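This report concerns only the one structure given below.
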Amino acid sequence: MKKIAIIGGDGVGPEVVAEGVRVLDWFRARRGFELDLWHLDLGAERYLRDGTTFPAAARDAIFHDCAAVLLGALGDARVPGFEHARDILFGMRVGFDLYANVRPVRALSDDLVPLRGRLAKDVDFVVFRENTEGVYAGVGGQLRRGTADEIAINEDINTRKGVERIIRAAFAFARRNGKTRLLMSDKSNAMRHAHELWQRVFHEVRGEYPEVAASHLYIDALCFELVRDPSQFQVIVTNNLFGDIVTDLGAALQGGLGVAASVSFNPEHPDRVKLFEPVHGSAPKLVGLGRANPVATLLCVAMLFEELGFLSAASELEIAIRAAVRAKETTPDLGGTLGTRGVTDAVLRRLSPA
Ligand code: IPM
Ligand code: MN
């Protein structure tokens, strides 16, 4: 039995996660998958009700008992300081040391690619985002706050171990998947202390992977090249903040935030709980309309199947999602007319009933 923690979170999070749950339930009922879904009431609503963000008991139970977490989205205007979200999200990403945040950028159909003359086959790469340090580490402070002389600081924390393990994880992924090109991106021309470390480690590690053509671009140049010709990229490894930014750019290349999925895990501990999240946020404007795109979450479920070893379910589900998207059985953001539930129905209809 695999236990999966379900956290809808904020905004459209619960709406899209409910669709992921329908797919998980379908595979339980139709294919006899032994999945134990554990629904957790966490997010802004709960925080505003009783002050709870991420209780230690839930955190420990997720870490010790669960194979995966399916998380919707976090962020709510009623909690402007983001404190509940920080506790929950970084409580898992950092607290469980899930240092590799893997975000595939793959276009599902030609007409979703917004670049002139480019097809779906031109947008097919994977971003390895460092997930535990960088400016997300929270090291910093404010001085003389609210005065004309105020100072605000967030330090960019880069450790030898942290940089090395994410670069190694990206190279290992390339080798395992027959990818021949890997690009590291930093800003070592400006951040010459913090990012020189990336340069040095990258040059060391690349020597161990002679079959992978390794290259480098500064992050600004990478953004430029991603728009100019995304087909040059197969695997990209970068730090936490740049990975966050570049995967929103990637989402635009693949058809929008509604179709971008991600998994966070610890490659050195493959049995440790893995965290699956759509790249999109809580999308407050869409809440309650039944129009939020569930595709990113459904792709998360496909990734979840793959990571948990249900390989044929993973590819079957991905093929069904792709077919539904190509048939325009989608929400309006992808050119269709269906609602959130209707998209899942269209995907489930494409799975063979046996
Ligand atoms: C993401 C999100 C988060 C991040 C926010 C909600 C803190 O943008 O998962 O990409 O920056 O990591
Ligand atoms: Mn983001």
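If you're wondering about the labels, chains in the structure tokens are A, B, ... by order shown, residues count from 1 in each chain, ligands from 1 in order shown.
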Environment of ligand 2 within 12 Å, counting only C-alpha atoms and all ligand atoms, reported as a VMD selection string
chain A and resid 73 to 75 101 103 129 131 136 240 to 251 257 260 to 262 277 to 282
Quick one: write out the picked residues with N, CA and C atoms as a CSV table (one decimal), in the first residue's frame?
chain,number,residue,atom,x,y,z
A,73,ALA,N,-1.8,24.4,-4.6
A,73,ALA,CA,-1.1,25.7,-4.7
A,73,ALA,C,-1.2,26.3,-3.3
A,74,LEU,N,-0.3,27.3,-3.1
A,74,LEU,CA,-0.4,28.0,-1.8
A,74,LEU,C,-0.2,29.5,-2.1
A,75,GLY,N,-1.0,30.3,-1.4
A,75,GLY,CA,-0.9,31.8,-1.6
A,75,GLY,C,-2.3,32.3,-1.5
A,101,ASN,N,14.3,19.8,-7.7
A,101,ASN,CA,13.0,20.1,-8.1
A,101,ASN,C,13.0,20.0,-9.7
A,103,ARG,N,11.4,20.0,-13.2
A,103,ARG,CA,10.3,20.6,-13.9
A,103,ARG,C,10.4,20.3,-15.5
A,129,ARG,N,16.0,22.3,-10.9
A,129,ARG,CA,16.1,23.5,-10.0
A,129,ARG,C,16.5,23.1,-8.6
A,131,ASN,N,16.6,23.2,-4.8
A,131,ASN,CA,15.3,23.4,-4.1
A,131,ASN,C,15.4,23.7,-2.6
A,136,TYR,N,16.3,31.6,-1.4
A,136,TYR,CA,15.2,31.0,-0.7
A,136,TYR,C,15.5,30.6,0.7
A,240,ASN,N,18.0,27.9,-7.2
A,240,ASN,CA,16.6,28.0,-6.8
A,240,ASN,C,15.8,29.1,-7.5
A,241,LEU,N,16.3,30.3,-7.3
A,241,LEU,CA,15.6,31.5,-7.9
A,241,LEU,C,15.5,31.5,-9.4
A,242,PHE,N,16.7,31.2,-10.0
A,242,PHE,CA,16.7,31.2,-11.5
A,242,PHE,C,15.8,30.1,-12.0
A,243,GLY,N,15.8,28.9,-11.3
A,243,GLY,CA,14.9,27.8,-11.7
A,243,GLY,C,13.5,28.2,-11.6
A,244,ASP,N,13.1,28.9,-10.6
A,244,ASP,CA,11.7,29.4,-10.4
A,244,ASP,C,11.3,30.3,-11.6
A,245,ILE,N,12.2,31.2,-11.9
A,245,ILE,CA,11.9,32.2,-13.0
A,245,ILE,C,11.8,31.5,-14.4
A,246,VAL,N,12.9,30.7,-14.6
A,246,VAL,CA,13.0,30.1,-16.0
A,246,VAL,C,11.9,29.0,-16.2
A,247,THR,N,11.3,28.5,-15.2
A,247,THR,CA,10.3,27.5,-15.4
A,247,THR,C,8.9,28.2,-15.6
A,248,ASP,N,8.8,29.4,-15.2
A,248,ASP,CA,7.6,30.2,-15.7
A,248,ASP,C,7.7,30.5,-17.1
A,249,LEU,N,8.9,30.9,-17.5
A,249,LEU,CA,9.2,31.1,-19.0
A,249,LEU,C,8.9,29.8,-19.7
A,250,GLY,N,9.4,28.7,-19.2
A,250,GLY,CA,9.2,27.4,-19.8
A,250,GLY,C,7.7,27.1,-19.9
A,251,ALA,N,7.0,27.4,-18.9
A,251,ALA,CA,5.5,27.2,-18.9
A,251,ALA,C,4.9,27.9,-20.1
A,257,LEU,N,0.7,28.2,-17.8
A,257,LEU,CA,0.9,27.7,-16.5
A,257,LEU,C,0.0,26.5,-16.2
A,260,ALA,N,2.1,23.0,-16.6
A,260,ALA,CA,3.4,22.7,-16.2
A,260,ALA,C,3.4,22.0,-14.8
A,261,ALA,N,4.1,20.9,-14.8
A,261,ALA,CA,4.1,20.0,-13.6
A,261,ALA,C,5.5,19.9,-13.0
A,262,SER,N,5.6,19.5,-11.7
A,262,SER,CA,6.9,19.4,-11.1
A,262,SER,C,6.9,18.3,-10.0
A,277,GLU,N,3.8,19.0,-7.4
A,277,GLU,CA,3.1,20.2,-7.4
A,277,GLU,C,3.0,20.8,-8.9
A,278,PRO,N,1.8,21.3,-9.3
A,278,PRO,CA,1.8,22.1,-10.5
A,278,PRO,C,2.6,23.3,-10.3
A,279,VAL,N,3.2,23.8,-11.4
A,279,VAL,CA,4.0,25.0,-11.3
A,279,VAL,C,3.2,26.3,-11.0
A,280,HIS,N,1.9,26.2,-11.4
A,280,HIS,CA,1.1,27.4,-11.3
A,280,HIS,C,0.8,27.7,-9.8
A,281,GLY,N,0.3,29.0,-9.6
A,281,GLY,CA,0.0,29.4,-8.3
A,281,GLY,C,-1.5,29.2,-8.0
A,282,SER,N,-2.0,30.0,-7.0
A,282,SER,CA,-3.4,29.7,-6.5
A,282,SER,C,-4.4,30.4,-7.4
Test item: residues at most 7 Å from segment 230-234 of chain A, only C-alpha atoms, excluding those fewer than 5 positions along its chain, as a ChimeraX atom specification:
/A:122-126,179,181-182,225
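What separates atom CA of Gly43 of chain A from atom CA of Asp76 of chain A is a distance of 8.7 Å.
Of the listed residues (A:Pro267, A:Gly290, A:Gly91, A:Gly20), A:Gly91 comes nearest to ligand 1; the distances count only C-alpha atoms and all ligand atoms.
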Run DSSP on the backbone of this structure and report the residues of segment 78-203 of chain A it assigns to alpha helix (DSSP H), as an MDAnalysis selection string.
chainID A and resid 83:85 91:93 160:176 194:203
Residues near Leu286 of chain A, cut-off 9 Å, only C-alpha atoms, skip fewer than 5 positions along chain, as an NGL selection string:
:A and (11-12 or 291-292)
Keeping only all heavy atoms, write those residues as a PDB file, in the first residue's frame.
ATOM      1  N   GLY A  11      -6.678  28.845  -3.025  1.00  0.00           N
ATOM      2  CA  GLY A  11      -7.142  29.269  -4.341  1.00  0.00           C
ATOM      3  C   GLY A  11      -7.718  28.105  -5.128  1.00  0.00           C
ATOM      4  O   GLY A  11      -8.533  27.332  -4.624  1.00  0.00           O
ATOM      5  N   VAL A  12      -7.246  27.957  -6.365  1.00  0.00           N
ATOM      6  CA  VAL A  12      -7.739  26.842  -7.179  1.00  0.00           C
ATOM      7  C   VAL A  12      -7.086  25.514  -6.809  1.00  0.00           C
ATOM      8  O   VAL A  12      -7.456  24.476  -7.369  1.00  0.00           O
ATOM      9  CB  VAL A  12      -7.514  27.086  -8.704  1.00  0.00           C
ATOM     10  CG1 VAL A  12      -8.298  28.290  -9.186  1.00  0.00           C
ATOM     11  CG2 VAL A  12      -6.031  27.207  -9.020  1.00  0.00           C
ATOM     12  N   ARG A 291     -13.296  26.604 -13.811  1.00  0.00           N
ATOM     13  CA  ARG A 291     -12.600  26.754 -15.088  1.00  0.00           C
ATOM     14  C   ARG A 291     -11.089  26.584 -14.979  1.00  0.00           C
ATOM     15  O   ARG A 291     -10.360  26.712 -15.956  1.00  0.00           O
ATOM     16  CB  ARG A 291     -12.896  28.140 -15.660  1.00  0.00           C
ATOM     17  CG  ARG A 291     -14.117  28.178 -16.560  1.00  0.00           C
ATOM     18  CD  ARG A 291     -14.272  29.550 -17.209  1.00  0.00           C
ATOM     19  NE  ARG A 291     -13.018  30.259 -17.360  1.00  0.00           N
ATOM     20  CZ  ARG A 291     -12.844  31.571 -17.151  1.00  0.00           C
ATOM     21  NH1 ARG A 291     -13.864  32.320 -16.787  1.00  0.00           N
ATOM     22  NH2 ARG A 291     -11.674  32.131 -17.328  1.00  0.00           N
ATOM     23  N   ALA A 292     -10.621  26.299 -13.756  1.00  0.00           N
ATOM     24  CA  ALA A 292      -9.176  26.118 -13.583  1.00  0.00           C
ATOM     25  C   ALA A 292      -8.726  24.895 -14.378  1.00  0.00           C
ATOM     26  O   ALA A 292      -9.405  23.874 -14.408  1.00  0.00           O
ATOM     27  CB  ALA A 292      -8.859  25.933 -12.107  1.00  0.00           C
TER      28      ALA A 292
END
Can you pull out the residues contacting Leu108 of chain A? Cut-off 7 Å, using only C-alpha atoms, and skip same-chain residues under 2 positions away; I want them as a ChimeraX atom specification.
/A:106,120,322
Those in segment 48-283 of chain A with strand (DSSP E or B) from DSSP, as a PyMOL selection string:
chain A and resi 68-73+100-106+124-130+134+140-143+151-154+157+181-186+213-218+235-238+261-265+274-278
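Using only C-alpha atoms and all ligand atoms for every distance, the candidate list A:Val94, A:Cys66, A:Leu24, A:Ile153 yields A:Val94 as the residue closest to ligand 1.
The closest residue to Arg30 of chain A, picked from A:Glu208, A:Leu222, A:Leu42, A:Pro353 and counting only C-alpha atoms, is A:Pro353.
Each of A:Asp156, A:Asp25, A:Asp271, A:Glu204 was compared to Asp65 of chain A using only C-alpha atoms, and A:Asp271 turns out to be the nearest.
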Close residues, segment 186-189 of chain A itself excluded, 10 Å, only C-alpha atoms, min 2 positions apart in chain, as JSON, numbers by chain:
{"A": [184, 191, 192, 193, 194, 195, 196, 197, 198, 199, 216, 217, 218, 219, 220, 221, 222, 237, 238, 239, 242, 243]}
Restrict the selected residues to N, CA, C and O atoms and save them as a short mmCIF file (atom, residue, chain, number, x, y, z; two decimals), in the first residue's frame.
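Okay, selection-v7.cif is ready:
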data_model
loop_
_atom_site.label_atom_id
_atom_site.label_comp_id
_atom_site.auth_asym_id
_atom_site.auth_seq_id
_atom_site.Cartn_x
_atom_site.Cartn_y
_atom_site.Cartn_z
N MET A 184 24.31 24.44 -17.73
CA MET A 184 24.23 25.03 -16.39
C MET A 184 24.09 26.54 -16.56
O MET A 184 24.75 27.15 -17.40
N MET A 191 27.65 37.86 -9.94
CA MET A 191 27.70 37.34 -8.57
C MET A 191 28.95 36.47 -8.44
O MET A 191 28.88 35.26 -8.38
N ARG A 192 30.09 37.15 -8.42
CA ARG A 192 31.32 36.40 -8.65
C ARG A 192 31.77 35.57 -7.46
O ARG A 192 32.61 34.70 -7.61
N HIS A 193 31.23 35.80 -6.30
CA HIS A 193 31.59 34.93 -5.17
C HIS A 193 30.69 33.71 -5.17
O HIS A 193 31.14 32.57 -5.27
N ALA A 194 29.38 33.97 -5.08
CA ALA A 194 28.43 32.86 -4.93
C ALA A 194 28.44 31.96 -6.16
O ALA A 194 28.43 30.74 -6.04
N HIS A 195 28.49 32.56 -7.35
CA HIS A 195 28.28 31.73 -8.53
C HIS A 195 29.58 31.21 -9.15
O HIS A 195 29.55 30.31 -9.98
N GLU A 196 30.69 31.75 -8.69
CA GLU A 196 31.97 31.16 -9.12
C GLU A 196 32.04 29.71 -8.63
O GLU A 196 32.64 28.84 -9.26
N LEU A 197 31.40 29.47 -7.49
CA LEU A 197 31.33 28.11 -6.96
C LEU A 197 30.62 27.19 -7.95
O LEU A 197 31.04 26.05 -8.18
N TRP A 198 29.53 27.68 -8.54
CA TRP A 198 28.81 26.89 -9.56
C TRP A 198 29.73 26.57 -10.74
O TRP A 198 29.76 25.45 -11.24
N GLN A 199 30.48 27.56 -11.18
CA GLN A 199 31.41 27.36 -12.29
C GLN A 199 32.41 26.25 -11.97
O GLN A 199 32.63 25.33 -12.76
N HIS A 216 27.35 26.24 -20.85
CA HIS A 216 26.95 27.22 -19.85
C HIS A 216 26.40 28.48 -20.50
O HIS A 216 26.88 28.89 -21.57
N LEU A 217 25.38 29.05 -19.89
CA LEU A 217 24.92 30.39 -20.28
C LEU A 217 24.60 31.17 -19.00
O LEU A 217 24.09 30.58 -18.03
N TYR A 218 24.87 32.44 -19.00
CA TYR A 218 24.35 33.28 -17.92
C TYR A 218 22.83 33.28 -18.04
O TYR A 218 22.26 33.12 -19.12
N ILE A 219 22.18 33.49 -16.90
CA ILE A 219 20.73 33.32 -16.87
C ILE A 219 20.00 34.27 -17.83
O ILE A 219 18.99 33.90 -18.44
N ASP A 220 20.51 35.46 -18.00
CA ASP A 220 19.84 36.39 -18.91
C ASP A 220 19.94 35.88 -20.35
O ASP A 220 18.96 35.88 -21.10
N ALA A 221 21.13 35.38 -20.71
CA ALA A 221 21.31 34.84 -22.06
C ALA A 221 20.46 33.59 -22.25
O ALA A 221 19.93 33.33 -23.34
N LEU A 222 20.31 32.80 -21.19
CA LEU A 222 19.47 31.61 -21.30
C LEU A 222 18.02 31.99 -21.61
O LEU A 222 17.38 31.37 -22.46
N VAL A 237 20.34 22.92 -15.62
CA VAL A 237 20.46 22.90 -14.17
C VAL A 237 20.80 24.31 -13.69
O VAL A 237 21.62 25.00 -14.29
N THR A 238 20.11 24.73 -12.64
CA THR A 238 20.33 26.09 -12.15
C THR A 238 19.90 26.21 -10.69
O THR A 238 19.43 25.24 -10.09
N ASN A 239 20.08 27.39 -10.15
CA ASN A 239 19.80 27.57 -8.72
C ASN A 239 18.30 27.75 -8.47
O ASN A 239 17.48 27.74 -9.40
N PHE A 242 16.67 31.20 -10.05
CA PHE A 242 16.67 31.19 -11.51
C PHE A 242 15.79 30.06 -12.03
O PHE A 242 15.13 30.19 -13.07
N GLY A 243 15.78 28.94 -11.30
CA GLY A 243 14.93 27.82 -11.70
C GLY A 243 13.46 28.18 -11.58
O GLY A 243 12.64 27.77 -12.41
#
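Residues in contact with Ala68 of chain A at 10 Å, where only C-alpha atoms are counted and same-chain residues fewer than 4 positions away are skipped, are listed as Lys2, Lys3, Ile4, Ala5, Ile6, Leu37, Ile62, Phe63, Val263, Ser264, Phe265, Asp271, Arg272, Val273, Lys274, Leu275, Phe276, Leu304, Phe305, Glu307 and Leu308 of chain A.
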Within 12 Å of Val212 of chain A, counting only C-alpha atoms, which residues show up once you throw out same-chain ones fewer than 5 positions away? Write them as a short mmCIF file (atom, residue, chain, number, x, y, z; two decimals) with C-alpha atoms, in the first residue's frame, please.
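Ended up saving to part26.cif:
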data_model
loop_
_atom_site.label_atom_id
_atom_site.label_comp_id
_atom_site.auth_asym_id
_atom_site.auth_seq_id
_atom_site.Cartn_x
_atom_site.Cartn_y
_atom_site.Cartn_z
CA ALA A 170 21.18 16.67 -13.51
CA PHE A 171 24.12 14.86 -15.13
CA ALA A 172 22.95 11.51 -13.76
CA PHE A 173 19.48 12.17 -15.19
CA ALA A 174 20.99 13.03 -18.59
CA ARG A 175 23.02 9.83 -18.61
CA ARG A 176 20.08 7.68 -17.50
CA ASN A 177 17.78 9.13 -20.12
CA GLY A 178 20.16 9.28 -23.04
CA LYS A 179 20.21 13.08 -23.10
CA THR A 180 23.31 14.37 -24.80
CA ARG A 181 23.15 18.07 -23.89
CA LEU A 182 23.19 19.68 -20.47
CA LEU A 183 23.40 23.37 -19.70
CA VAL A 205 31.59 17.23 -12.45
CA ARG A 206 31.26 17.49 -16.23
CA GLY A 207 34.53 15.62 -16.60
CA GLN A 234 17.58 19.08 -23.21
CA VAL A 235 18.60 19.40 -19.55
#
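One finds atom CA of Leu298 of chain A at 17.8 Å from atom CA of Asp36 of chain A.
Atom pair atom CA of Glu133 of chain A / atom CA of Phe96 of chain A has a distance of 12.9 Å (rounded to one decimal).
Comparing the minimum interatomic distances between ligand 1 and each of A:Glu19, A:Leu35, A:Arg59, A:Arg86, counting only C-alpha atoms and all ligand atoms, we find that A:Arg86 sits nearest.
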Would you please work out which residue, of A:Ala324, A:Leu71, A:Ala213, A:Ile166, is nearest to ligand 1 when using only C-alpha atoms and all ligand atoms?
A:Leu71
